[in-house]
Structures are given as structure tokens and as C-alpha cells.
$ cat structure_3.tsv   # TSV, C-alpha atoms and all ligand atoms
chain	number	residue	atom	x	y	z
I	1	MET	CA	206.88	98.59	140.35
I	2	THR	CA	208.03	96.10	143.04
I	3	SER	CA	206.24	96.27	146.41
I	4	ASP	CA	209.44	97.68	148.00
I	5	GLN	CA	209.55	100.50	145.47
I	6	MET	CA	205.84	101.09	145.88
I	7	THR	CA	206.26	101.42	149.63
I	8	SER	CA	209.19	103.76	149.20
I	9	ALA	CA	207.32	105.97	146.66
I	10	GLY	CA	204.30	106.01	148.95
I	11	SER	CA	206.29	106.85	152.06
I	12	GLU	CA	208.36	109.49	150.22
I	13	LEU	CA	205.15	111.15	149.04
I	14	HIS	CA	203.62	110.94	152.48
I	15	SER	CA	206.64	112.58	154.20
I	16	ALA	CA	206.92	115.22	151.46
I	17	ALA	CA	203.23	116.10	151.73
I	18	SER	CA	203.56	116.54	155.51
I	19	LEU	CA	206.61	118.77	155.08
I	20	LEU	CA	204.87	120.91	152.45
I	21	ALA	CA	201.71	121.19	154.54
I	22	GLU	CA	203.83	122.38	157.49
I	23	ALA	CA	205.31	125.02	155.16
I	24	GLY	CA	201.76	126.36	154.65
I	25	ILE	CA	201.09	124.90	151.21
I	26	ASP	CA	197.40	123.99	150.71
I	27	SER	CA	198.05	121.73	147.74
I	28	ALA	CA	200.78	119.77	149.59
I	29	ARG	CA	199.92	116.24	148.40
I	30	SER	CA	199.37	117.23	144.80
I	31	ASP	CA	202.57	119.32	144.75
I	32	ALA	CA	204.50	116.31	146.13
I	33	GLU	CA	203.05	114.16	143.35
I	34	TRP	CA	203.97	116.73	140.68
I	35	LEU	CA	207.54	116.78	141.98
I	36	MET	CA	207.78	112.98	142.09
I	37	ALA	CA	206.37	112.75	138.55
I	38	HIS	CA	208.92	115.36	137.44
I	39	VAL	CA	211.83	113.44	138.98
I	40	LEU	CA	210.65	110.13	137.49
I	41	ASP	CA	209.86	111.87	134.17
I	42	VAL	CA	206.32	110.49	133.96
I	43	ASP	CA	202.80	111.93	133.98
I	44	ARG	CA	201.40	112.51	137.44
I	45	GLY	CA	198.53	110.13	136.59
I	46	SER	CA	201.00	107.30	135.88
I	47	LEU	CA	202.82	107.52	139.21
I	48	ALA	CA	201.16	104.38	140.57
I	49	PHE	CA	202.33	102.31	137.61
I	50	VAL	CA	206.02	103.18	137.23
I	51	ASP	CA	209.25	101.98	138.81
I	52	GLY	CA	211.08	104.07	141.33
I	53	PRO	CA	212.30	106.08	142.94
I	54	ASP	CA	215.82	104.66	143.16
I	55	ALA	CA	218.34	106.15	145.58
I	56	GLY	CA	219.40	108.97	143.21
I	57	GLU	CA	215.82	109.83	142.41
I	58	ARG	CA	214.90	109.89	146.10
I	59	ARG	CA	217.76	112.33	146.76
I	60	ARG	CA	216.69	114.56	143.88
I	61	PHE	CA	213.06	114.42	144.99
I	62	ARG	CA	213.97	115.50	148.53
I	63	GLU	CA	215.99	118.43	147.14
I	64	LEU	CA	213.01	119.61	145.11
I	65	VAL	CA	210.64	119.18	148.06
I	66	ALA	CA	213.00	121.32	150.16
I	67	GLN	CA	212.86	124.03	147.47
I	68	ARG	CA	209.08	123.91	147.42
I	69	ALA	CA	209.00	124.06	151.23
I	70	ARG	CA	210.90	127.38	150.87
I	71	ARG	CA	207.83	128.44	148.84
I	72	ILE	CA	209.57	128.50	145.48
I	73	PRO	CA	206.61	128.10	143.08
I	74	LEU	CA	206.03	124.53	141.96
I	75	GLN	CA	206.00	125.67	138.32
I	76	HIS	CA	209.41	127.33	138.66
I	77	ILE	CA	210.82	124.07	140.03
I	78	ILE	CA	209.41	121.84	137.31
I	79	GLY	CA	209.80	124.55	134.64
I	80	ARG	CA	206.31	124.33	133.26
I	81	ALA	CA	202.66	125.15	133.91
I	82	ALA	CA	199.58	123.38	132.59
I	83	PHE	CA	196.95	125.68	131.10
I	84	GLY	CA	193.87	124.29	129.31
I	85	PRO	CA	195.07	122.09	126.46
I	86	ILE	CA	198.75	123.16	126.66
I	87	ASP	CA	201.87	123.04	128.82
I	88	LEU	CA	203.87	126.27	128.94
I	89	ALA	CA	207.51	126.80	129.80
I	90	VAL	CA	207.70	129.21	132.75
I	91	GLY	CA	210.25	130.46	135.26
I	92	PRO	CA	211.52	133.62	136.92
I	93	GLY	CA	210.66	136.71	134.85
I	94	VAL	CA	207.21	135.61	133.71
I	95	PHE	CA	203.84	135.29	135.42
I	96	VAL	CA	202.81	131.69	136.14
I	97	PRO	CA	199.40	131.09	134.48
I	98	ARG	CA	196.67	130.27	137.01
I	99	PRO	CA	193.78	127.81	136.62
I	100	GLU	CA	191.19	130.56	137.20
I	101	THR	CA	192.19	132.19	133.91
I	102	GLU	CA	190.76	129.14	132.11
I	103	LEU	CA	187.37	130.81	132.71
I	104	ILE	CA	188.30	133.38	130.04
I	105	LEU	CA	189.70	130.67	127.76
I	106	GLU	CA	186.39	128.77	127.87
I	107	TRP	CA	184.41	131.96	127.31
I	108	ALA	CA	186.64	132.91	124.35
I	109	VAL	CA	186.45	129.51	122.65
I	110	GLU	CA	182.66	129.51	123.07
I	111	ASN	CA	182.37	133.00	121.56
I	112	LEU	CA	184.66	132.23	118.63
I	113	ARG	CA	182.47	129.33	117.54
I	114	GLY	CA	180.77	130.26	114.31
I	115	ILE	CA	183.23	133.03	113.33
I	116	SER	CA	185.29	131.89	110.36
I	117	HIS	CA	188.99	132.82	110.63
I	118	PRO	CA	188.61	135.14	113.63
I	119	LEU	CA	191.25	137.68	114.58
I	120	VAL	CA	191.92	137.72	118.33
I	121	ALA	CA	194.20	139.75	120.60
I	122	ASP	CA	195.57	138.60	123.96
I	123	LEU	CA	196.48	141.84	125.76
I	124	CYS	CA	199.05	141.33	128.57
I	125	SER	CA	200.00	137.91	127.25
I	126	GLY	CA	202.76	136.90	129.70
I	127	SER	CA	203.84	133.34	128.88
I	128	GLY	CA	201.27	133.30	126.05
I	129	ALA	CA	198.82	131.13	128.00
I	130	LEU	CA	195.59	132.56	126.56
I	131	ALA	CA	196.97	133.37	123.09
I	132	ILE	CA	198.41	129.91	122.50
I	133	ALA	CA	195.56	127.98	124.14
I	134	ILE	CA	193.07	129.87	121.91
I	135	ALA	CA	195.16	129.18	118.80
I	136	VAL	CA	195.31	125.48	119.71
I	137	SER	CA	191.59	125.28	120.56
I	138	VAL	CA	190.38	127.25	117.50
I	139	PRO	CA	192.54	126.17	114.56
I	140	SER	CA	191.19	128.85	112.20
I	141	ALA	CA	192.03	131.71	114.62
I	142	ARG	CA	194.90	134.13	114.26
I	143	VAL	CA	196.04	135.73	117.50
I	144	VAL	CA	198.14	138.78	118.33
I	145	ALA	CA	199.85	138.33	121.72
I	146	VAL	CA	200.77	141.72	123.19
I	147	GLU	CA	203.21	142.01	126.10
I	148	LYS	CA	205.50	144.80	127.25
I	149	SER	CA	207.94	143.12	129.65
I	150	PRO	CA	211.21	142.13	127.91
I	151	SER	CA	211.68	139.11	130.20
I	152	ALA	CA	208.11	137.88	129.66
I	153	LEU	CA	208.53	138.35	125.90
I	154	LEU	CA	211.42	135.86	125.94
I	155	TRP	CA	209.17	133.19	127.51
I	156	LEU	CA	206.28	134.11	125.23
I	157	ARG	CA	208.33	133.75	122.03
I	158	ARG	CA	209.79	130.48	123.29
I	159	ASN	CA	206.32	129.04	124.01
I	160	VAL	CA	204.92	130.14	120.66
I	161	GLU	CA	207.81	128.39	118.93
I	162	ASN	CA	207.82	125.25	121.12
I	163	LEU	CA	204.09	124.75	120.75
I	164	GLY	CA	204.23	125.11	116.97
I	165	VAL	CA	201.79	128.02	116.57
I	166	GLY	CA	204.20	130.60	115.14
I	167	ASP	CA	202.25	130.73	111.88
I	168	ARG	CA	199.08	131.92	113.69
I	169	VAL	CA	200.28	133.69	116.84
I	170	ALA	CA	202.09	136.99	116.25
I	171	VAL	CA	204.01	138.41	119.21
I	172	LEU	CA	203.97	142.17	119.67
I	173	GLY	CA	206.16	143.92	122.26
I	174	ALA	CA	204.00	146.90	123.26
I	175	ASP	CA	202.18	148.68	126.08
I	176	VAL	CA	198.48	147.81	125.92
I	177	THR	CA	197.51	151.11	127.53
I	178	ASP	CA	199.08	153.07	124.64
I	179	TYR	CA	196.77	153.06	121.61
I	180	ALA	CA	199.49	154.51	119.37
I	181	GLN	CA	201.78	151.51	119.99
I	182	LEU	CA	199.06	149.03	119.04
I	183	SER	CA	197.39	150.87	116.17
I	184	ASP	CA	200.50	150.56	113.97
I	185	HIS	CA	200.01	146.78	114.04
I	186	ILE	CA	196.29	146.20	114.71
I	187	PRO	CA	193.89	148.23	112.50
I	188	ASP	CA	190.94	149.94	114.16
I	189	GLY	CA	187.79	147.83	114.18
I	190	SER	CA	189.64	144.66	113.10
I	191	LEU	CA	189.47	142.37	116.14
I	192	ASP	CA	186.69	139.83	116.62
I	193	LEU	CA	187.64	139.18	120.22
I	194	ILE	CA	190.02	140.41	122.93
I	195	VAL	CA	191.09	138.48	126.01
I	196	ALA	CA	193.07	140.09	128.80
I	197	ASN	CA	194.44	138.96	132.12
I	198	PRO	CA	196.22	142.21	133.03
I	199	PRO	CA	197.86	143.13	136.33
I	200	TYR	CA	194.98	143.99	138.68
I	201	VAL	CA	195.95	143.58	142.34
I	202	PRO	CA	195.72	146.80	144.43
I	203	THR	CA	199.27	147.72	145.49
I	204	ASP	CA	198.77	147.52	149.25
I	205	THR	CA	197.53	143.91	149.12
I	206	ASP	CA	199.41	141.21	151.08
I	207	VAL	CA	200.21	138.34	148.75
I	208	SER	CA	201.54	134.78	149.18
I	209	PRO	CA	205.23	133.97	148.61
I	210	GLU	CA	204.25	132.31	145.32
I	211	VAL	CA	202.66	135.55	144.06
I	212	GLU	CA	205.72	137.47	145.27
I	213	ALA	CA	207.75	135.28	142.91
I	214	ASP	CA	205.77	136.63	139.95
I	215	PRO	CA	207.12	139.87	138.45
I	216	ALA	CA	205.53	142.83	140.30
I	217	GLU	CA	204.55	144.44	136.98
I	218	ALA	CA	202.48	141.33	136.22
I	219	VAL	CA	200.53	141.52	139.47
I	220	PHE	CA	200.06	145.04	140.84
I	221	ALA	CA	198.09	147.84	139.18
I	222	GLY	CA	197.96	150.97	141.31
I	223	HIS	CA	196.14	151.61	144.58
I	224	ASP	CA	192.78	150.50	143.13
I	225	GLY	CA	193.97	147.69	140.85
I	226	MET	CA	192.63	149.58	137.82
I	227	SER	CA	195.69	151.33	136.35
I	228	VAL	CA	195.87	149.00	133.34
I	229	ILE	CA	192.21	147.98	132.94
I	230	THR	CA	190.83	151.55	132.68
I	231	PRO	CA	193.00	152.63	129.71
I	232	LEU	CA	192.76	149.15	128.21
I	233	ALA	CA	188.96	149.53	127.94
I	234	ASP	CA	189.43	152.63	125.74
I	235	VAL	CA	192.05	150.97	123.55
I	236	ALA	CA	189.84	147.86	123.16
I	237	ALA	CA	186.87	149.99	122.11
I	238	ARG	CA	188.90	151.28	119.16
I	239	LEU	CA	190.44	148.00	118.04
I	240	LEU	CA	187.37	145.76	118.30
I	241	ALA	CA	185.10	145.21	115.31
I	242	PRO	CA	181.45	146.20	115.75
I	243	SER	CA	179.84	143.45	117.89
I	244	GLY	CA	183.34	142.18	118.81
I	245	ARG	CA	183.70	140.98	122.38
I	246	ILE	CA	186.19	141.41	125.20
I	247	GLY	CA	186.75	139.39	128.38
I	248	VAL	CA	188.94	140.78	131.17
I	249	GLU	CA	190.00	139.06	134.38
I	250	HIS	CA	190.10	141.29	137.46
I	251	ASP	CA	190.48	141.30	141.23
I	252	ASP	CA	187.43	139.93	143.06
I	253	SER	CA	187.05	143.32	144.78
I	254	THR	CA	186.85	145.41	141.57
I	255	SER	CA	183.98	143.99	139.52
I	256	SER	CA	181.91	147.19	139.68
I	257	GLN	CA	184.91	149.40	138.79
I	258	VAL	CA	185.68	147.21	135.76
I	259	ILE	CA	182.05	147.37	134.63
I	260	GLY	CA	182.23	151.16	135.16
I	261	ALA	CA	185.40	151.40	133.03
I	262	PHE	CA	183.68	149.70	130.08
I	263	GLU	CA	180.48	151.68	130.46
I	264	ALA	CA	182.41	154.96	130.73
I	265	THR	CA	183.75	154.52	127.19
I	266	GLY	CA	180.16	154.69	125.90
I	267	ARG	CA	181.08	152.09	123.29
I	268	PHE	CA	180.12	148.80	124.93
I	269	ASP	CA	176.88	147.03	125.69
I	270	ASP	CA	176.11	143.60	127.14
I	271	VAL	CA	178.58	144.32	129.97
I	272	VAL	CA	178.40	141.24	132.21
I	273	ALA	CA	180.11	140.28	135.49
I	274	ARG	CA	181.03	136.60	135.54
I	275	ARG	CA	181.82	134.46	138.58
I	276	ASP	CA	184.34	131.67	139.10
I	277	LEU	CA	183.46	128.24	140.50
I	278	ALA	CA	183.77	129.64	144.03
I	279	GLY	CA	181.13	132.27	143.17
I	280	ARG	CA	183.55	135.23	143.18
I	281	PRO	CA	183.21	137.87	140.42
I	282	ARG	CA	186.49	137.51	138.48
I	283	VAL	CA	185.76	138.35	134.84
I	284	VAL	CA	183.87	141.09	133.03
I	285	THR	CA	182.83	140.56	129.43
I	286	ALA	CA	181.42	143.19	127.10
I	287	ARG	CA	180.37	143.68	123.49
I	288	ARG	CA	181.49	146.54	121.27
I	289	ARG	CA	178.30	148.31	120.23
I	290	PRO	CA	177.32	147.31	116.68
W	301	LIG	C1	198.68	138.77	135.29
W	301	LIG	S1	199.92	138.59	134.07
W	301	LIG	C2	199.01	137.57	132.93
W	301	LIG	C3	199.82	136.83	131.93
W	301	LIG	C4	199.00	135.86	131.08
W	301	LIG	N1	197.98	136.55	130.33
W	301	LIG	C5	198.38	134.80	131.94
W	301	LIG	O1	197.16	134.78	132.09
W	301	LIG	O2	199.11	133.96	132.46
W	301	LIG	C6	199.94	140.20	133.34
W	301	LIG	C7	200.95	140.40	132.22
W	301	LIG	O3	200.78	141.73	131.70
W	301	LIG	C8	202.03	142.32	131.44
W	301	LIG	N2	201.81	143.78	131.46
W	301	LIG	C9	201.66	144.58	132.53
W	301	LIG	N3	201.37	145.84	132.15
W	301	LIG	C10	201.35	145.83	130.79
W	301	LIG	C11	201.11	146.82	129.80
W	301	LIG	N4	200.83	148.09	130.16
W	301	LIG	N5	201.19	146.47	128.50
W	301	LIG	C12	201.47	145.19	128.15
W	301	LIG	N6	201.70	144.19	129.03
W	301	LIG	C13	201.63	144.50	130.34
W	301	LIG	C14	202.92	141.78	132.52
W	301	LIG	O4	204.28	141.88	132.15
W	301	LIG	C15	202.41	140.34	132.63
W	301	LIG	O5	203.10	139.50	131.76

$ encode --input "structure_3.tsv" --output "C-alpha cells"
Amino acid sequence: MTSDQMTSAGSELHSAASLLAEAGIDSARSDAEWLMAHVLDVDRGSLAFVDGPDAGERRRFRELVAQRARRIPLQHIIGRAAFGPIDLAVGPGVFVPRPETELILEWAVENLRGISHPLVADLCSGSGALAIAIAVSVPSARVVAVEKSPSALLWLRRNVENLGVGDRVAVLGADVTDYAQLSDHIPDGSLDLIVANPPYVPTDTDVSPEVEADPAEAVFAGHDGMSVITPLADVAARLLAPSGRIGVEHDDSTSSQVIGAFEATGRFDDVVARRDLAGRPRVVTARRRP
């Protein structure tokens, strides 16, 4: 990169970051870098080492910054979201995977260690983030990715195909709260592990414009945020093998209700509330009684 181009990339990023910060975006500088990397078609980490932007690229960059300043999600603009070891195609009609869900991914990979050829279900799979990341991280695993939204299923099938895991990730269009819909495809007592990042936000919660861009059915779950998790606990109790484990992400205000939902089935022990890096309770894990 010549020093002129370096200056222009630096000053473009600086102005973009100021504009995005004024629009209320906390991650303004990093979003500006993602957009620049997208326009220049390079990794964000390589930005300092590449040529550009030329006049056309600067124009395109400013257009994308203007979109982001209108609070269109970054991932909708660049068309992808990073999640653990994978990059997923995302856009309108599917939930954008969030970094906090990697807590469940790490827990799942850790718990699958030592199980040969485990069978896993990702209930409420969305773009396939957890299902595909588990299949990539644990090459002997087979995963059933269950999702009910027709628009999300399109993204899910596309990601499974693009990421080359179609031989080990089966996509099932079904409602995870309806045991009858799942039991035709997943035998009782067959799953070694379940992961779920279901909708869990109480309906009267104010959310950011980026969350408003996610499908409402992916986010909200009744007045208490429990309308999917409570029935899901019952369904999971039937499908899990003895000693099989489940990890469910939830709202940081509902940890005790989620623990209560698992305990109320009478079929789980080792029910544990887990906290994210900020110390908020965000995941409950449990073990199907042996
Ligand atoms: C919070 S998103 C999570 C998506 C993905 N697991 C992730 O972590 O990025 C919840 C997903 O559950 C789906 N969903 C909501 N209710 C459902 C139900 N009853 N059965 C199956 N899927 C459901 C939504 O369409 C959405 O894709």
C-alpha cells in the first residue's frame, strides 16, 4: 500500500467510525473495519497490508457505512456472520448468530469428547450456527438441525451445503415444542447431546434496531420468555439417552425459571446455571437421569 493509500484508508476508517459512533453503535471502529475489509475483499486482519481503497471502493465503502449508520445489521450488509470455526451466510429472514452462543458451542464440544460417533440435536437451529460448528469441531458427530421457520430453513440448508457437512448434518423442518413432530425422526432415548438457543426474550422488552431486524419468532417467547423453553425441556427429556446432556441459552433474567423447567420434568439431574464472560447467567445445562 502506498503512503497516500494508507492515509486515505486510515482517514476513511476514522470518519466512518465517528459516523457509526454518532449513530449509537458501540462497535463503531470494528464495524468500519469489517465494512472496509468487505469492500476490499480481504480479511479484516490484513487491512493494514493491502492496497486501496481506490475511488470506486471509497464510494462503495461510504454507501455501506451509510447503511450501517441506519442500523442495518453489519452481518446483513456483508452477508455473513462468523461463529466459532465457521462463517455462515445470513440475511433478512434468519437470526444473526451472536458471539455469546459460542459458550454453548464450547460446552458441547467439551462434553462430546470421549463419545464415539455421538448423535446431537440442535433445536431451534436458525442459520445452523451450532449444528454446523459442532459438526466441524467434532468430525465423528452426526447432528440433526431442527428449525420451524420456512425462511430460516432456506438459510440453514444453504449453510449446510456451502460448508460441506451435508453428510453429517440432517435438516428437519419441525416445531421443537411438539414431541410428535420430532419423534418420527429422532427415536426416544437416542441423543447424546442437545444444544438449543431458542427464542427467549420476554415480549415487552425494548430491543436494539439490530435485534428488531431479526425475525420476531427468533427472539420473543411470551411474556416471561419461557414459551419455547418450558415445552422443550419435556421433549428433550424424552429424546435424550440416559446420561445425555442438554445446554440451553436463555435471557439473563430467567435463569431460575429455566432451572425450574428442567427440574419440573423430574428427569434431569446436574442442572447447572452457567455465566458468560460478563458474569451474567446465560446458559443452563442438565443431564438426563441415568
Ligand atoms: C434465537 S434464534 C437462534 C438460532 C441459532 N440457533 C443461533 O444460535 O444463531 C431461534 C431460532 O428458533 C426458531 N424457532 C422459534 N420457535 C421455534 C419452534 N417452536 N420450533 C423450532 N424452531 C423455532 C426461530 O425461527 C429461530 O431460527

$ closest_residue --input "structure_3.tsv" --among "I:Ala273, I:Val235, I:Ala152, I:Ala32" --to "ligand LIG 301 (chain W)" --atoms "all atoms listed in the file"
I:Ala152

$ atom_distance --input "structure_3.tsv" --atom1 "atom CA of His223 of chain I" --atom2 "atom CA of Asp206 of chain I"
12.7 Å

$ residues_around --input "structure_3.tsv" --residues "Leu119 of chain I" --least-positions-apart "4" --cutoff "8 Å" --atoms "only C-alpha atoms" --output "ChimeraX atom specification"
/I:141-144,190-193

$ closest_residue --input "structure_3.tsv" --among "I:Pro53, I:Gly247, I:Gly128, I:Gly222" --to "ligand LIG 301 (chain W)" --atoms "only C-alpha atoms and all ligand atoms"
I:Gly128

$ residues_near_ligand --input "structure_3.tsv" --ligand "ligand LIG 301 (chain W)" --cutoff "7 Å" --atoms "all atoms listed in the file" --output "MDAnalysis selection string"
chainID I and resid 94:98 101 123:130 146:149 152 174:177 196:199 217:219 228

$ atom_distance --input "structure_3.tsv" --atom1 "atom CA of Pro92 of chain I" --atom2 "atom CA of Val207 of chain I"
17.0 Å

$ atom_distance --input "structure_3.tsv" --atom1 "atom CA of Ala16 of chain I" --atom2 "atom CA of His76 of chain I"
17.8 Å

$ closest_residue --input "structure_3.tsv" --among "I:Arg245, I:Arg280, I:Arg70, I:Arg44" --to "Ala21 of chain I" --atoms "all atoms listed in the file"
I:Arg70

$ residues_around --input "structure_3.tsv" --residues "Ser30 of chain I" --least-positions-apart "5" --cutoff "10 Å" --atoms "all atoms listed in the file" --output "list in words"
Leu13, Ala17, Leu35, Met36 and Arg44 of chain I

$ closest_residue --input "structure_3.tsv" --among "I:Gly84, I:Pro281, I:Pro118, I:Gly189" --to "Val248 of chain I" --atoms "all atoms listed in the file"
I:Pro281

$ closest_residue --input "structure_3.tsv" --among "I:Asp270, I:Glu57, I:Glu249, I:Asp234" --to "Arg289 of chain I" --atoms "all atoms listed in the file"
I:Asp270

$ residues_around --input "structure_3.tsv" --residues "Ser183 of chain I" --least-positions-apart "4" --cutoff "10 Å" --atoms "all atoms listed in the file" --output "PDB file with C-alpha atoms, keeping the file's coordinate frame"
ATOM      1  CA  ASP I 178     199.080 153.070 124.640  1.00  0.00           C
ATOM      2  CA  TYR I 179     196.770 153.060 121.610  1.00  0.00           C
ATOM      3  CA  PRO I 187     193.890 148.230 112.500  1.00  0.00           C
ATOM      4  CA  ASP I 188     190.940 149.940 114.160  1.00  0.00           C
ATOM      5  CA  VAL I 235     192.050 150.970 123.550  1.00  0.00           C
ATOM      6  CA  ARG I 238     188.900 151.280 119.160  1.00  0.00           C
ATOM      7  CA  LEU I 239     190.440 148.000 118.040  1.00  0.00           C
TER       8      LEU I 239
END

$ closest_residue --input "structure_3.tsv" --among "I:Phe262, I:Ile134, I:Ala286, I:Met226" --to "Asp122 of chain I" --atoms "only C-alpha atoms"
I:Ile134

$ residues_around --input "structure_3.tsv" --residues "Glu161 of chain I" --least-positions-apart "2" --cutoff "12 Å" --atoms "all atoms listed in the file" --output "list in words"
Leu88, Ala89, Ser127, Gly128, Ile132, Leu154, Trp155, Leu156, Arg157, Arg158, Asn159, Leu163, Gly164, Val165, Gly166, Asp167, Arg168, Val169, Ala170 and Val171 of chain I

$ residues_around --input "structure_3.tsv" --residues "Arg287 of chain I" --least-positions-apart "3" --cutoff "9 Å" --atoms "all atoms listed in the file" --output "PyMOL selection string"
chain I and resi 240+242-246+267-271+290

$ axis_aligned_box --input "structure_3.tsv" --around "segment 242-255 of chain I" --padding-each-side "8 Å" --output "lines of an AutoDock Vina configuration file"
center_x = 185.2
center_y = 142.6
center_z = 130.3
size_x = 26.6
size_y = 23.1
size_z = 45.0

$ build_atoms --input "structure_3.tsv" --residues "segment 62-86 of chain I" --atoms "N, CA and C atoms" --output "compact mmCIF listing (two decimals), keeping the file's coordinate frame"
# COMPACT_ATOMS: atom_id res chain seq x y z
N ARG I 62 213.91 114.78 147.24
CA ARG I 62 213.97 115.50 148.53
C ARG I 62 214.52 116.92 148.34
N GLU I 63 215.47 117.07 147.41
CA GLU I 63 215.99 118.43 147.14
C GLU I 63 214.87 119.34 146.62
N LEU I 64 214.08 118.79 145.70
CA LEU I 64 213.01 119.61 145.11
C LEU I 64 211.92 119.91 146.14
N VAL I 65 211.63 118.95 147.00
CA VAL I 65 210.64 119.18 148.06
C VAL I 65 211.14 120.29 148.98
N ALA I 66 212.45 120.27 149.28
CA ALA I 66 213.00 121.32 150.16
C ALA I 66 212.85 122.69 149.49
N GLN I 67 213.06 122.74 148.17
CA GLN I 67 212.86 124.03 147.47
C GLN I 67 211.41 124.48 147.59
N ARG I 68 210.50 123.53 147.37
CA ARG I 68 209.08 123.91 147.42
C ARG I 68 208.69 124.34 148.83
N ALA I 69 209.30 123.68 149.84
CA ALA I 69 209.00 124.06 151.23
C ALA I 69 209.48 125.48 151.53
N ARG I 70 210.47 125.96 150.74
CA ARG I 70 210.90 127.38 150.87
C ARG I 70 209.98 128.29 150.06
N ARG I 71 208.90 127.73 149.56
CA ARG I 71 207.83 128.44 148.84
C ARG I 71 208.27 128.94 147.46
N ILE I 72 209.29 128.26 146.91
CA ILE I 72 209.57 128.50 145.48
C ILE I 72 208.39 127.90 144.72
N PRO I 73 207.80 128.64 143.77
CA PRO I 73 206.61 128.10 143.08
C PRO I 73 206.89 126.74 142.43
N LEU I 74 205.92 125.86 142.56
CA LEU I 74 206.03 124.53 141.96
C LEU I 74 206.42 124.63 140.48
N GLN I 75 205.78 125.58 139.77
CA GLN I 75 206.00 125.67 138.32
C GLN I 75 207.41 126.15 138.00
N HIS I 76 208.02 126.94 138.89
CA HIS I 76 209.41 127.33 138.66
C HIS I 76 210.33 126.12 138.84
N ILE I 77 209.97 125.24 139.76
CA ILE I 77 210.82 124.07 140.03
C ILE I 77 210.75 123.08 138.87
N ILE I 78 209.52 122.84 138.39
CA ILE I 78 209.41 121.84 137.31
C ILE I 78 209.54 122.48 135.92
N GLY I 79 209.53 123.83 135.89
CA GLY I 79 209.80 124.55 134.64
C GLY I 79 208.63 124.61 133.69
N ARG I 80 207.45 124.27 134.17
CA ARG I 80 206.31 124.33 133.26
C ARG I 80 205.02 124.52 134.03
N ALA I 81 203.97 124.97 133.30
CA ALA I 81 202.66 125.15 133.91
C ALA I 81 201.62 124.65 132.92
N ALA I 82 200.67 123.86 133.45
CA ALA I 82 199.58 123.38 132.59
C ALA I 82 198.54 124.48 132.49
N PHE I 83 198.01 124.69 131.28
CA PHE I 83 196.95 125.68 131.10
C PHE I 83 196.03 125.17 129.98
N GLY I 84 194.78 124.83 130.32
CA GLY I 84 193.87 124.29 129.31
C GLY I 84 194.52 123.14 128.57
N PRO I 85 194.55 123.21 127.23
CA PRO I 85 195.07 122.09 126.46
C PRO I 85 196.60 122.09 126.30
N ILE I 86 197.30 123.04 126.93
CA ILE I 86 198.75 123.16 126.66
C ILE I 86 199.58 123.15 127.96
